[in-house]
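One file, upload.pdb, carrying PDB, C-alpha atoms:
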```pdb
ATOM      1  CA  MET A   1      69.067 -54.347 116.798
ATOM      2  CA  GLN A   2      68.413 -56.400 113.707
ATOM      3  CA  ARG A   3      65.258 -58.009 115.020
ATOM      4  CA  PRO A   4      63.157 -54.789 115.023
ATOM      5  CA  ILE A   5      64.278 -54.054 111.468
ATOM      6  CA  LEU A   6      63.363 -57.583 110.376
ATOM      7  CA  THR A   7      60.022 -57.322 112.167
ATOM      8  CA  ALA A   8      59.288 -53.999 110.507
ATOM      9  CA  THR A   9      60.226 -55.430 107.110
ATOM     10  CA  LEU A  10      57.983 -58.449 107.593
ATOM     11  CA  ALA A  11      55.169 -56.198 108.759
ATOM     12  CA  GLY A  12      55.578 -54.098 105.662
ATOM     13  CA  LEU A  13      55.527 -57.151 103.428
ATOM     14  CA  ALA A  14      52.449 -58.456 105.236
ATOM     15  CA  ALA A  15      50.705 -55.131 104.741
ATOM     16  CA  LEU A  16      51.627 -55.179 101.061
ATOM     17  CA  VAL A  17      50.327 -58.724 100.608
ATOM     18  CA  SER A  18      47.198 -57.857 102.593
ATOM     19  CA  SER A  19      46.427 -54.796 100.495
ATOM     20  CA  THR A  20      46.936 -56.822  97.352
ATOM     21  CA  ALA A  21      44.632 -59.564  98.601
ATOM     22  CA  GLN A  22      41.890 -57.016  99.304
ATOM     23  CA  ALA A  23      42.401 -55.276  96.027
ATOM     24  CA  HIS A  24      38.810 -55.067  94.972
ATOM     25  CA  VAL A  25      35.329 -53.779  95.596
ATOM     26  CA  SER A  26      33.581 -56.541  97.496
ATOM     27  CA  ILE A  27      30.757 -57.331  99.885
ATOM     28  CA  ALA A  28      31.972 -56.547 103.404
ATOM     29  CA  SER A  29      28.817 -57.447 105.336
ATOM     30  CA  GLY A  30      28.688 -61.224 104.925
ATOM     31  CA  PRO A  31      25.799 -63.245 103.516
ATOM     32  CA  ALA A  32      22.306 -61.821 103.068
ATOM     33  CA  PHE A  33      18.981 -63.382 104.025
ATOM     34  CA  ALA A  34      16.416 -64.225 101.378
ATOM     35  CA  ASN A  35      13.366 -61.975 100.997
ATOM     36  CA  THR A  36      14.612 -59.722 103.789
ATOM     37  CA  SER A  37      15.549 -56.056 103.787
ATOM     38  CA  GLN A  38      19.006 -55.553 105.210
ATOM     39  CA  GLU A  39      22.092 -53.383 105.059
ATOM     40  CA  VAL A  40      24.705 -54.559 102.615
ATOM     41  CA  ALA A  41      28.163 -53.028 102.834
ATOM     42  CA  PHE A  42      30.579 -52.676  99.956
ATOM     43  CA  GLY A  43      34.209 -52.444 100.968
ATOM     44  CA  VAL A  44      36.619 -50.559  98.735
ATOM     45  CA  GLY A  45      39.953 -52.012  99.705
ATOM     46  CA  HIS A  46      42.110 -49.597  97.772
ATOM     47  CA  GLY A  47      42.242 -47.239  94.844
ATOM     48  CA  CYS A  48      43.956 -47.655  91.494
ATOM     49  CA  GLU A  49      47.748 -47.900  91.456
ATOM     50  CA  GLY A  50      48.196 -45.303  94.152
ATOM     51  CA  ALA A  51      45.331 -43.028  93.111
ATOM     52  CA  ASP A  52      42.433 -42.325  95.458
ATOM     53  CA  THR A  53      38.947 -43.659  94.691
ATOM     54  CA  TYR A  54      36.831 -40.815  93.362
ATOM     55  CA  ARG A  55      33.602 -42.550  92.387
ATOM     56  CA  VAL A  56      31.983 -45.966  92.880
ATOM     57  CA  GLN A  57      28.955 -47.157  90.950
ATOM     58  CA  ILE A  58      27.088 -50.325  91.902
ATOM     59  CA  ASP A  59      24.764 -51.885  89.326
ATOM     60  CA  ILE A  60      21.584 -53.313  90.841
ATOM     61  CA  PRO A  61      20.285 -56.538  89.249
ATOM     62  CA  ALA A  62      16.555 -56.977  88.674
ATOM     63  CA  SER A  63      16.268 -59.618  91.412
ATOM     64  CA  VAL A  64      17.181 -57.057  94.089
ATOM     65  CA  SER A  65      14.456 -54.694  95.304
ATOM     66  CA  SER A  66      13.761 -51.964  97.874
ATOM     67  CA  VAL A  67      17.119 -50.326  97.220
ATOM     68  CA  ARG A  68      17.990 -47.335  99.386
ATOM     69  CA  PRO A  69      21.593 -46.171  99.671
ATOM     70  CA  GLU A  70      22.816 -44.625 102.889
ATOM     71  CA  LEU A  71      24.560 -41.281 103.112
ATOM     72  CA  ASN A  72      28.118 -41.370 104.316
ATOM     73  CA  ASP A  73      31.249 -39.288 104.439
ATOM     74  CA  PHE A  74      32.537 -40.510 101.093
ATOM     75  CA  GLY A  75      30.482 -38.083  99.054
ATOM     76  CA  GLN A  76      27.260 -37.468  97.195
ATOM     77  CA  VAL A  77      24.956 -40.430  96.572
ATOM     78  CA  ASP A  78      22.852 -40.695  93.422
ATOM     79  CA  VAL A  79      20.405 -43.367  92.324
ATOM     80  CA  GLU A  80      19.615 -44.195  88.733
ATOM     81  CA  THR A  81      16.177 -45.562  87.946
ATOM     82  CA  ASP A  82      14.544 -47.099  84.904
ATOM     83  CA  ALA A  83      11.255 -46.034  83.327
ATOM     84  CA  ALA A  84       9.333 -47.959  85.967
ATOM     85  CA  GLY A  85      11.125 -46.176  88.786
ATOM     86  CA  THR A  86      13.165 -49.194  89.808
ATOM     87  CA  VAL A  87      16.670 -48.440  91.029
ATOM     88  CA  VAL A  88      19.197 -49.867  88.579
ATOM     89  CA  ALA A  89      22.385 -48.240  89.870
ATOM     90  CA  VAL A  90      23.741 -46.390  92.874
ATOM     91  CA  THR A  91      26.720 -44.039  92.605
ATOM     92  CA  TRP A  92      28.845 -42.383  95.277
ATOM     93  CA  THR A  93      30.970 -39.456  94.097
ATOM     94  CA  LYS A  94      33.523 -37.432  96.037
ATOM     95  CA  SER A  95      33.685 -33.695  95.717
ATOM     96  CA  ASP A  96      36.836 -32.534  93.928
ATOM     97  CA  ALA A  97      38.144 -30.988  97.119
ATOM     98  CA  ARG A  98      37.936 -34.276  98.992
ATOM     99  CA  VAL A  99      39.936 -36.392  96.572
ATOM    100  CA  LEU A 100      43.104 -37.390  98.386
ATOM    101  CA  PRO A 101      46.559 -37.022  96.848
ATOM    102  CA  ALA A 102      47.228 -40.715  97.462
ATOM    103  CA  ASP A 103      45.429 -44.014  98.038
ATOM    104  CA  THR A 104      45.412 -44.104 101.812
ATOM    105  CA  LEU A 105      41.856 -44.861 102.962
ATOM    106  CA  TYR A 106      39.480 -47.815 103.104
ATOM    107  CA  TYR A 107      35.888 -46.969 102.204
ATOM    108  CA  LYS A 108      32.672 -48.700 103.218
ATOM    109  CA  LEU A 109      29.521 -47.874 101.266
ATOM    110  CA  LEU A 110      26.101 -49.009 102.460
ATOM    111  CA  ILE A 111      22.885 -49.902 100.669
ATOM    112  CA  ARG A 112      19.703 -51.145 102.294
ATOM    113  CA  LEU A 113      18.124 -53.665  99.954
ATOM    114  CA  LYS A 114      15.887 -56.703  99.838
ATOM    115  CA  ALA A 115      17.592 -59.859  98.627
ATOM    116  CA  PRO A 116      15.587 -62.164  96.338
ATOM    117  CA  ASN A 117      13.584 -65.005  97.824
ATOM    118  CA  GLN A 118      16.055 -67.524  96.431
ATOM    119  CA  PRO A 119      18.080 -69.095  99.220
ATOM    120  CA  PHE A 120      21.415 -70.681  98.351
ATOM    121  CA  THR A 121      21.949 -68.495  95.312
ATOM    122  CA  THR A 122      24.500 -65.765  94.656
ATOM    123  CA  VAL A 123      23.590 -62.264  93.540
ATOM    124  CA  TYR A 124      26.300 -60.399  91.664
ATOM    125  CA  LEU A 125      26.348 -56.616  91.898
ATOM    126  CA  PRO A 126      28.840 -55.313  89.327
ATOM    127  CA  ALA A 127      30.877 -52.325  90.473
ATOM    128  CA  HIS A 128      32.708 -49.583  88.588
ATOM    129  CA  GLN A 129      35.485 -47.848  90.473
ATOM    130  CA  THR A 130      36.857 -44.529  89.246
ATOM    131  CA  CYS A 131      40.104 -43.202  90.690
ATOM    132  CA  ARG A 132      41.654 -39.786  90.265
ATOM    133  CA  ALA A 133      45.393 -39.226  90.542
ATOM    134  CA  ALA A 134      46.993 -36.068  91.894
ATOM    135  CA  ASP A 135      47.517 -34.820  88.310
ATOM    136  CA  GLY A 136      43.812 -35.241  87.548
ATOM    137  CA  THR A 137      44.167 -38.427  85.525
ATOM    138  CA  GLU A 138      41.144 -40.702  85.953
ATOM    139  CA  THR A 139      41.210 -44.492  85.823
ATOM    140  CA  VAL A 140      38.157 -46.751  85.736
ATOM    141  CA  VAL A 141      38.280 -50.338  86.990
ATOM    142  CA  ASP A 142      35.249 -52.521  86.284
ATOM    143  CA  TRP A 143      34.525 -55.250  88.803
ATOM    144  CA  VAL A 144      32.121 -57.214  86.656
ATOM    145  CA  GLY A 145      33.403 -60.778  86.357
ATOM    146  CA  ILE A 146      30.922 -63.550  87.132
ATOM    147  CA  ASP A 147      32.162 -67.119  87.554
ATOM    148  CA  GLN A 148      35.413 -66.290  85.809
ATOM    149  CA  PRO A 149      37.985 -69.067  85.538
ATOM    150  CA  ALA A 150      41.132 -68.809  87.595
ATOM    151  CA  GLY A 151      43.645 -66.479  86.011
ATOM    152  CA  SER A 152      41.016 -64.383  84.258
ATOM    153  CA  THR A 153      41.941 -60.735  83.780
ATOM    154  CA  ILE A 154      38.327 -59.665  84.337
ATOM    155  CA  GLU A 155      37.959 -58.414  87.892
ATOM    156  CA  PRO A 156      35.320 -60.263  89.940
ATOM    157  CA  ALA A 157      31.985 -58.596  90.685
ATOM    158  CA  PRO A 158      30.957 -58.284  94.340
ATOM    159  CA  ALA A 159      29.123 -61.515  95.201
ATOM    160  CA  LEU A 160      26.270 -61.519  97.705
ATOM    161  CA  TYR A 161      25.502 -64.982  99.081
ATOM    162  CA  VAL A 162      21.792 -65.392  99.809
ATOM    163  CA  LEU A 163      20.807 -67.694 102.657
ATOM    164  CA  PRO A 164      17.483 -68.654 104.213
ATOM    165  CA  PRO A 165      16.563 -67.105 107.560
ATOM    166  CA  ARG A 166      18.290 -68.819 110.469
ATOM    167  CA  PHE A 167      18.163 -69.287 114.219
ATOM    168  CA  PRO A 168      20.911 -70.023 116.713
ATOM    169  CA  GLY A 169      21.345 -73.783 117.005
ATOM    170  CA  TRP A 170      20.208 -76.375 114.467
ATOM    171  CA  ASN A 171      18.479 -75.332 111.237
ATOM    172  CA  ARG A 172      17.025 -77.790 108.707
ATOM    173  CA  TYR A 173      16.819 -76.745 105.070
ATOM    174  CA  THR A 174      16.075 -78.284 101.721
ATOM    175  CA  VAL A 175      18.456 -76.919  99.110
ATOM    176  CA  ASP A 176      16.773 -76.062  95.806
ATOM    177  CA  ASN A 177      19.981 -75.376  93.908
ATOM    178  CA  PRO A 178      23.231 -77.307  93.877
ATOM    179  CA  VAL A 179      25.825 -75.753  96.179
ATOM    180  CA  ASP A 180      29.520 -76.136  95.445
ATOM    181  CA  ASP A 181      30.943 -73.127  97.284
ATOM    182  CA  LEU A 182      30.422 -74.430 100.814
ATOM    183  CA  GLU A 183      32.902 -71.991 102.327
ATOM    184  CA  GLY A 184      31.102 -69.057 100.736
ATOM    185  CA  TYR A 185      27.650 -70.071 101.965
ATOM    186  CA  PHE A 186      28.574 -71.658 105.278
ATOM    187  CA  GLY A 187      31.661 -69.742 106.333
ATOM    188  CA  ASP A 188      29.971 -68.671 109.568
ATOM    189  CA  ALA A 189      28.317 -72.005 110.421
ATOM    190  CA  GLN A 190      29.666 -74.356 113.053
ATOM    191  CA  ILE A 191      28.942 -77.409 110.932
ATOM    192  CA  VAL A 192      26.804 -78.487 107.955
ATOM    193  CA  TRP A 193      25.463 -82.013 107.471
ATOM    194  CA  ALA A 194      23.981 -83.676 104.385
ATOM    195  CA  GLY A 195      23.284 -87.299 105.276
ATOM    196  CA  ASN A 196      26.381 -88.565 107.015
ATOM    197  CA  LYS A 197      28.663 -86.075 105.272
ATOM    198  CA  ALA A 198      29.704 -82.923 107.074
ATOM    199  CA  PHE A 199      31.534 -79.665 106.381
ATOM    200  CA  SER A 200      33.029 -77.029 108.632
ATOM    201  CA  VAL A 201      35.411 -74.137 107.975
ATOM    202  CA  ASN A 202      36.816 -74.683 111.451
ATOM    203  CA  PRO A 203      40.012 -76.682 110.882
ATOM    204  CA  THR A 204      39.681 -78.606 114.149
ATOM    205  CA  THR A 205      36.071 -79.574 113.448
ATOM    206  CA  SER A 206      36.967 -80.421 109.874
ATOM    207  CA  GLU A 207      39.713 -82.739 111.117
ATOM    208  CA  LEU A 208      37.289 -84.386 113.531
ATOM    209  CA  ILE A 209      34.863 -85.032 110.682
ATOM    210  CA  GLY A 210      37.602 -87.038 109.033
ATOM    211  CA  THR A 211      38.380 -89.067 112.136
ATOM    212  CA  THR A 212      34.802 -89.734 113.259
ATOM    213  CA  GLU A 213      33.660 -93.206 112.352
ATOM    214  CA  GLY A 214      30.663 -93.147 110.033
ATOM    215  CA  ALA A 215      31.173 -89.519 108.959
ATOM    216  CA  SER A 216      32.917 -88.214 105.869
ATOM    217  CA  ALA A 217      33.723 -84.880 104.290
ATOM    218  CA  LEU A 218      30.975 -82.931 102.528
ATOM    219  CA  THR A 219      32.277 -81.150  99.430
ATOM    220  CA  SER A 220      29.069 -80.164  97.635
ATOM    221  CA  ILE A 221      25.303 -80.323  98.055
ATOM    222  CA  ALA A 222      22.967 -81.589  95.367
ATOM    223  CA  ALA A 223      19.696 -79.883  94.485
ATOM    224  CA  GLY A 224      16.804 -81.232  96.530
ATOM    225  CA  GLN A 225      19.020 -82.483  99.331
ATOM    226  CA  GLN A 226      18.062 -81.872 102.957
ATOM    227  CA  ILE A 227      20.768 -80.406 105.163
ATOM    228  CA  TRP A 228      21.272 -79.562 108.818
ATOM    229  CA  VAL A 229      23.233 -76.428 109.651
ATOM    230  CA  LYS A 230      24.298 -75.412 113.129
ATOM    231  CA  TYR A 231      25.008 -71.736 113.842
TER     232      TYR A 231
ATOM    233  CA  MET B   1      22.410 -61.923 181.010
ATOM    234  CA  SER B   2      23.386 -65.556 180.485
ATOM    235  CA  ARG B   3      19.955 -66.192 178.939
ATOM    236  CA  VAL B   4      20.566 -63.418 176.391
ATOM    237  CA  ALA B   5      23.975 -64.879 175.605
ATOM    238  CA  CYS B   6      22.407 -68.294 175.034
ATOM    239  CA  VAL B   7      19.842 -66.828 172.644
ATOM    240  CA  LEU B   8      22.574 -65.035 170.674
ATOM    241  CA  LEU B   9      24.653 -68.205 170.503
ATOM    242  CA  GLY B  10      21.618 -70.085 169.256
ATOM    243  CA  VAL B  11      20.946 -67.565 166.509
ATOM    244  CA  ALA B  12      24.604 -67.689 165.468
ATOM    245  CA  TRP B  13      24.490 -71.506 165.305
ATOM    246  CA  LEU B  14      21.367 -71.397 163.151
ATOM    247  CA  CYS B  15      23.047 -68.961 160.749
ATOM    248  CA  LEU B  16      26.122 -71.129 160.443
ATOM    249  CA  SER B  17      23.964 -74.183 159.899
ATOM    250  CA  ALA B  18      22.058 -72.452 157.090
ATOM    251  CA  CYS B  19      25.296 -71.393 155.404
ATOM    252  CA  SER B  20      26.679 -74.896 155.598
ATOM    253  CA  ASN B  21      23.755 -76.170 153.470
ATOM    254  CA  ASP B  22      25.664 -74.997 150.382
ATOM    255  CA  ASP B  23      25.980 -77.838 147.852
ATOM    256  CA  SER B  24      29.727 -77.090 147.632
ATOM    257  CA  SER B  25      29.583 -76.910 143.847
ATOM    258  CA  ASN B  26      32.324 -74.307 143.926
ATOM    259  CA  ALA B  27      34.424 -76.234 146.359
ATOM    260  CA  THR B  28      37.598 -78.098 145.631
ATOM    261  CA  PRO B  29      38.163 -81.587 147.083
ATOM    262  CA  SER B  30      39.816 -79.878 150.023
ATOM    263  CA  GLY B  31      36.643 -77.897 150.617
ATOM    264  CA  ALA B  32      38.039 -74.504 149.630
ATOM    265  CA  LEU B  33      36.165 -72.281 147.188
ATOM    266  CA  SER B  34      37.863 -71.553 143.872
ATOM    267  CA  ALA B  35      37.156 -70.316 140.394
ATOM    268  CA  CYS B  36      36.343 -72.773 137.608
ATOM    269  CA  MET B  37      39.694 -72.094 136.000
ATOM    270  CA  GLU B  38      41.332 -73.388 139.159
ATOM    271  CA  ARG B  39      39.703 -76.790 138.592
ATOM    272  CA  PRO B  40      40.667 -77.697 135.040
ATOM    273  CA  ASP B  41      40.127 -81.397 135.662
ATOM    274  CA  GLN B  42      36.429 -80.698 136.234
ATOM    275  CA  LEU B  43      35.909 -78.740 133.020
ATOM    276  CA  PRO B  44      34.571 -80.367 129.855
ATOM    277  CA  ARG B  45      37.467 -81.615 127.808
ATOM    278  CA  PRO B  46      37.872 -80.881 124.085
ATOM    279  CA  PRO B  47      37.161 -83.834 121.829
ATOM    280  CA  THR B  48      40.095 -85.974 120.870
ATOM    281  CA  ASP B  49      39.257 -88.200 117.948
ATOM    282  CA  ARG B  50      35.579 -87.796 117.132
ATOM    283  CA  LEU B  51      32.985 -85.081 116.843
ATOM    284  CA  PRO B  52      31.297 -84.060 120.079
ATOM    285  CA  CYS B  53      27.628 -84.950 120.334
ATOM    286  CA  ASP B  54      26.526 -81.332 120.128
ATOM    287  CA  LEU B  55      27.775 -81.218 116.544
ATOM    288  CA  ILE B  56      25.728 -84.258 115.479
ATOM    289  CA  PRO B  57      22.326 -83.212 114.117
ATOM    290  CA  PRO B  58      19.049 -84.523 115.534
ATOM    291  CA  GLY B  59      18.134 -87.983 114.307
ATOM    292  CA  LEU B  60      21.556 -88.869 112.922
ATOM    293  CA  SER B  61      23.321 -91.892 114.346
ATOM    294  CA  LEU B  62      26.848 -92.519 113.175
ATOM    295  CA  GLU B  63      27.919 -96.140 113.230
TER     296      GLU B  63
END
```
Written as C-alpha cells, how would this file's structure read?
Amino acid sequence: MQRPILTATLAGLAALVSSTAQAHVSIASGPAFANTSQEVAFGVGHGCEGADTYRVQIDIPASVSSVRPELNDFGQVDVETDAAGTVVAVTWTKSDARVLPADTLYYKLLIRLKAPNQPFTTVYLPAHQTCRAADGTETVVDWVGIDQPAGSTIEPAPALYVLPPRFPGWNRYTVDNPVDDLEGYFGDAQIVWAGNKAFSVNPTTSELIGTTEGASALTSIAAGQQIWVKY
Amino acid sequence: MSRVACVLLGVAWLCLSACSNDDSSNATPSGALSACMERPDQLPRPPTDRLPCDLIPPGLSLE
C-alpha cells in the first residue's frame, strides 16, 4: 500500500520541479532559420505565484522583420508599430471573463516572423508577463535578461537561435561568429565537426567521440572556422 | 485425359521453379522465412569503442 503513496509523492515532486524549471516565457519552437519567414512559438510555462497569466507582451528587436502574430484562444492580439510602420511589440490580452482563478494552464503564443540573415547568432525577444490574481491584483514579470551571469535575479529573455538553412545529412558551414553555446545551436544535430573535434548532445555519441582515436571533444567554435553538421 | 494432366503438372512445375528463384534474403540458415527482428545476428551492430563511419564527415580521416 505504501508504494502507490510513495509513487504519487514522487510524481508530485517531479511535477513541482518541472513547473519550476519551466518557470518562464521562452521560445518553444526550437531554432529559427536565417532570412526565412517562419512560425515562432512562445511558451508560457506558468503564471505568477499561483495567479493566471492575463497579458503577454513580446518586444520585437529591429533585426526581426515581417512580423505577423497569429490569433489564438488566449485572447485579443495587438501590434504596436513605430512611425515607420514597423512592428515593435506584440501583445496578447485575455478578456476579464477568461482570466482563471488559478494558474492551471500552459499557453503557446505564435508569431510569424523573418529572422535576420545572421546565422549562428541569437536574437533576444524580451517578454513582459502580467498576471491577475482572483482578487484582481496584477503582477508584472519582465523576462528581459540578456547574457546574465548565473544567479542573476533578472529573468532571462526568450532567446531565438538563428541557424543557416539545412538539409538532411551533411551540411558544411563557415561560422562568422564565435559559438560557445553548442548545445543551444546544435541541440538537434547528430554530430558537429570542426577539424578533428566533434560535439554531440547524444550522450552515447559524445562518449564515442572521446574514445575514437584521432578525435577529441569540441567545446566552442572560433569565428571563420569551417564546420560539418549532420542532421 | 492423361495429356491434360501432364500439361497441368508441367505448368505447376514451372510455377514452383519460378518461386524458387527467390534470393532467400528473408530466409534463415534453415531456409525458413522470418522477420528481421528474428535474426539479430544479421542486423548492424551498434558501435562499441569508436564512432561509426556515417558520423565521420566527408574528407576527414582520423588517424
| message | Between atom CA of A:Ala194 and atom CA of A:Ala215, what is the distance in Å, rounded to a tenth? | response |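 Computed distance, atom CA of A:Ala194 to atom CA of A:Ala215, equals 10.3 Å.
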Selection near stretch 51-60 of chain A, 8 Å with only C-alpha atoms, sequence-local residues under 4 positions removed, as an mmCIF file with C-alpha atoms, in the coordinates of the input:
```
data_model
loop_
_atom_site.group_PDB
_atom_site.id
_atom_site.type_symbol
_atom_site.label_atom_id
_atom_site.label_comp_id
_atom_site.auth_asym_id
_atom_site.auth_seq_id
_atom_site.Cartn_x
_atom_site.Cartn_y
_atom_site.Cartn_z
ATOM 1 C CA HIS A 46 42.110 -49.597 97.772
ATOM 2 C CA GLY A 47 42.242 -47.239 94.844
ATOM 3 C CA VAL A 64 17.181 -57.057 94.089
ATOM 4 C CA VAL A 87 16.670 -48.440 91.029
ATOM 5 C CA VAL A 88 19.197 -49.867 88.579
ATOM 6 C CA ALA A 89 22.385 -48.240 89.870
ATOM 7 C CA VAL A 90 23.741 -46.390 92.874
ATOM 8 C CA THR A 91 26.720 -44.039 92.605
ATOM 9 C CA TRP A 92 28.845 -42.383 95.277
ATOM 10 C CA THR A 93 30.970 -39.456 94.097
ATOM 11 C CA LYS A 94 33.523 -37.432 96.037
ATOM 12 C CA VAL A 99 39.936 -36.392 96.572
ATOM 13 C CA LEU A 100 43.104 -37.390 98.386
ATOM 14 C CA PRO A 101 46.559 -37.022 96.848
ATOM 15 C CA ALA A 102 47.228 -40.715 97.462
ATOM 16 C CA ASP A 103 45.429 -44.014 98.038
ATOM 17 C CA THR A 104 45.412 -44.104 101.812
ATOM 18 C CA LEU A 105 41.856 -44.861 102.962
ATOM 19 C CA LEU A 125 26.348 -56.616 91.898
ATOM 20 C CA PRO A 126 28.840 -55.313 89.327
ATOM 21 C CA ALA A 127 30.877 -52.325 90.473
ATOM 22 C CA HIS A 128 32.708 -49.583 88.588
ATOM 23 C CA GLN A 129 35.485 -47.848 90.473
ATOM 24 C CA THR A 130 36.857 -44.529 89.246
ATOM 25 C CA CYS A 131 40.104 -43.202 90.690
ATOM 26 C CA ARG A 132 41.654 -39.786 90.265
ATOM 27 C CA ALA A 133 45.393 -39.226 90.542
ATOM 28 C CA ALA A 134 46.993 -36.068 91.894
#
```
Restrict the calculation to all atoms listed in the file, then for each residue of chain B with any atom at most 7 Å from an atom of chain A give the closest atom pair and their distance in Å to one decimal, rows by chain and rising residue number, as a Markdown table.
```
| residue | atom | partner | partner_atom | distance |
| --- | --- | --- | --- | --- |
| B:Asp49 | CA | A:Thr211 | CA | 5.9 |
| B:Arg50 | CA | A:Thr212 | CA | 4.4 |
| B:Leu51 | CA | A:Leu208 | CA | 5.5 |
| B:Leu55 | CA | A:Ile191 | CA | 6.9 |
| B:Pro57 | CA | A:Trp228 | CA | 6.5 |
| B:Leu62 | CA | A:Gly214 | CA | 5.0 |
| B:Glu63 | CA | A:Gly214 | CA | 5.2 |
```
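Put simply, atom CA of A:Phe120 is 7.3 Å away from atom CA of A:Pro164.
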| atom CA of A:Val179 and atom CA of A:Gln225, how far apart in Å? |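 Atom-to-atom, atom CA of A:Gln225 to atom CA of A:Val179, that is 10.1 Å.
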Report as a PDB file with C-alpha atoms, in the frame of the given file all protein, DNA and RNA residues lying within 8 Å of A:Glu39, evaluated on all atoms listed in the file, omitting residues in the same chain fewer than 4 positions from it.
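out11.pdb written:
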```pdb
ATOM      1  CA  SER A  29      28.817 -57.447 105.336  1.00  0.00           C
ATOM      2  CA  LEU A 110      26.101 -49.009 102.460  1.00  0.00           C
ATOM      3  CA  ILE A 111      22.885 -49.902 100.669  1.00  0.00           C
ATOM      4  CA  ARG A 112      19.703 -51.145 102.294  1.00  0.00           C
ATOM      5  CA  LEU A 113      18.124 -53.665  99.954  1.00  0.00           C
TER       6      LEU A 113
END
```
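Take the candidates A:Ala97, A:Phe42, A:His24, A:Glu80 and check each one against A:Val141 using only C-alpha atoms; the shortest distance goes to A:His24.
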| A:Pro116, A:Thr121, A:Thr139, A:Pro165: which is nearest A:Asp180, counting all atoms listed in the file? | A:Thr121
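Closest approach to A:Ala157 among A:Pro61, A:Gly224, A:Ala32, A:Asn202 is made by A:Pro61 (distances from all atoms listed in the file).
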| field | Best match for closeness to A:Val44 among A:Val77, A:Trp143, A:Pro149, A:Ala115, counting only C-alpha atoms | value | A:Trp143
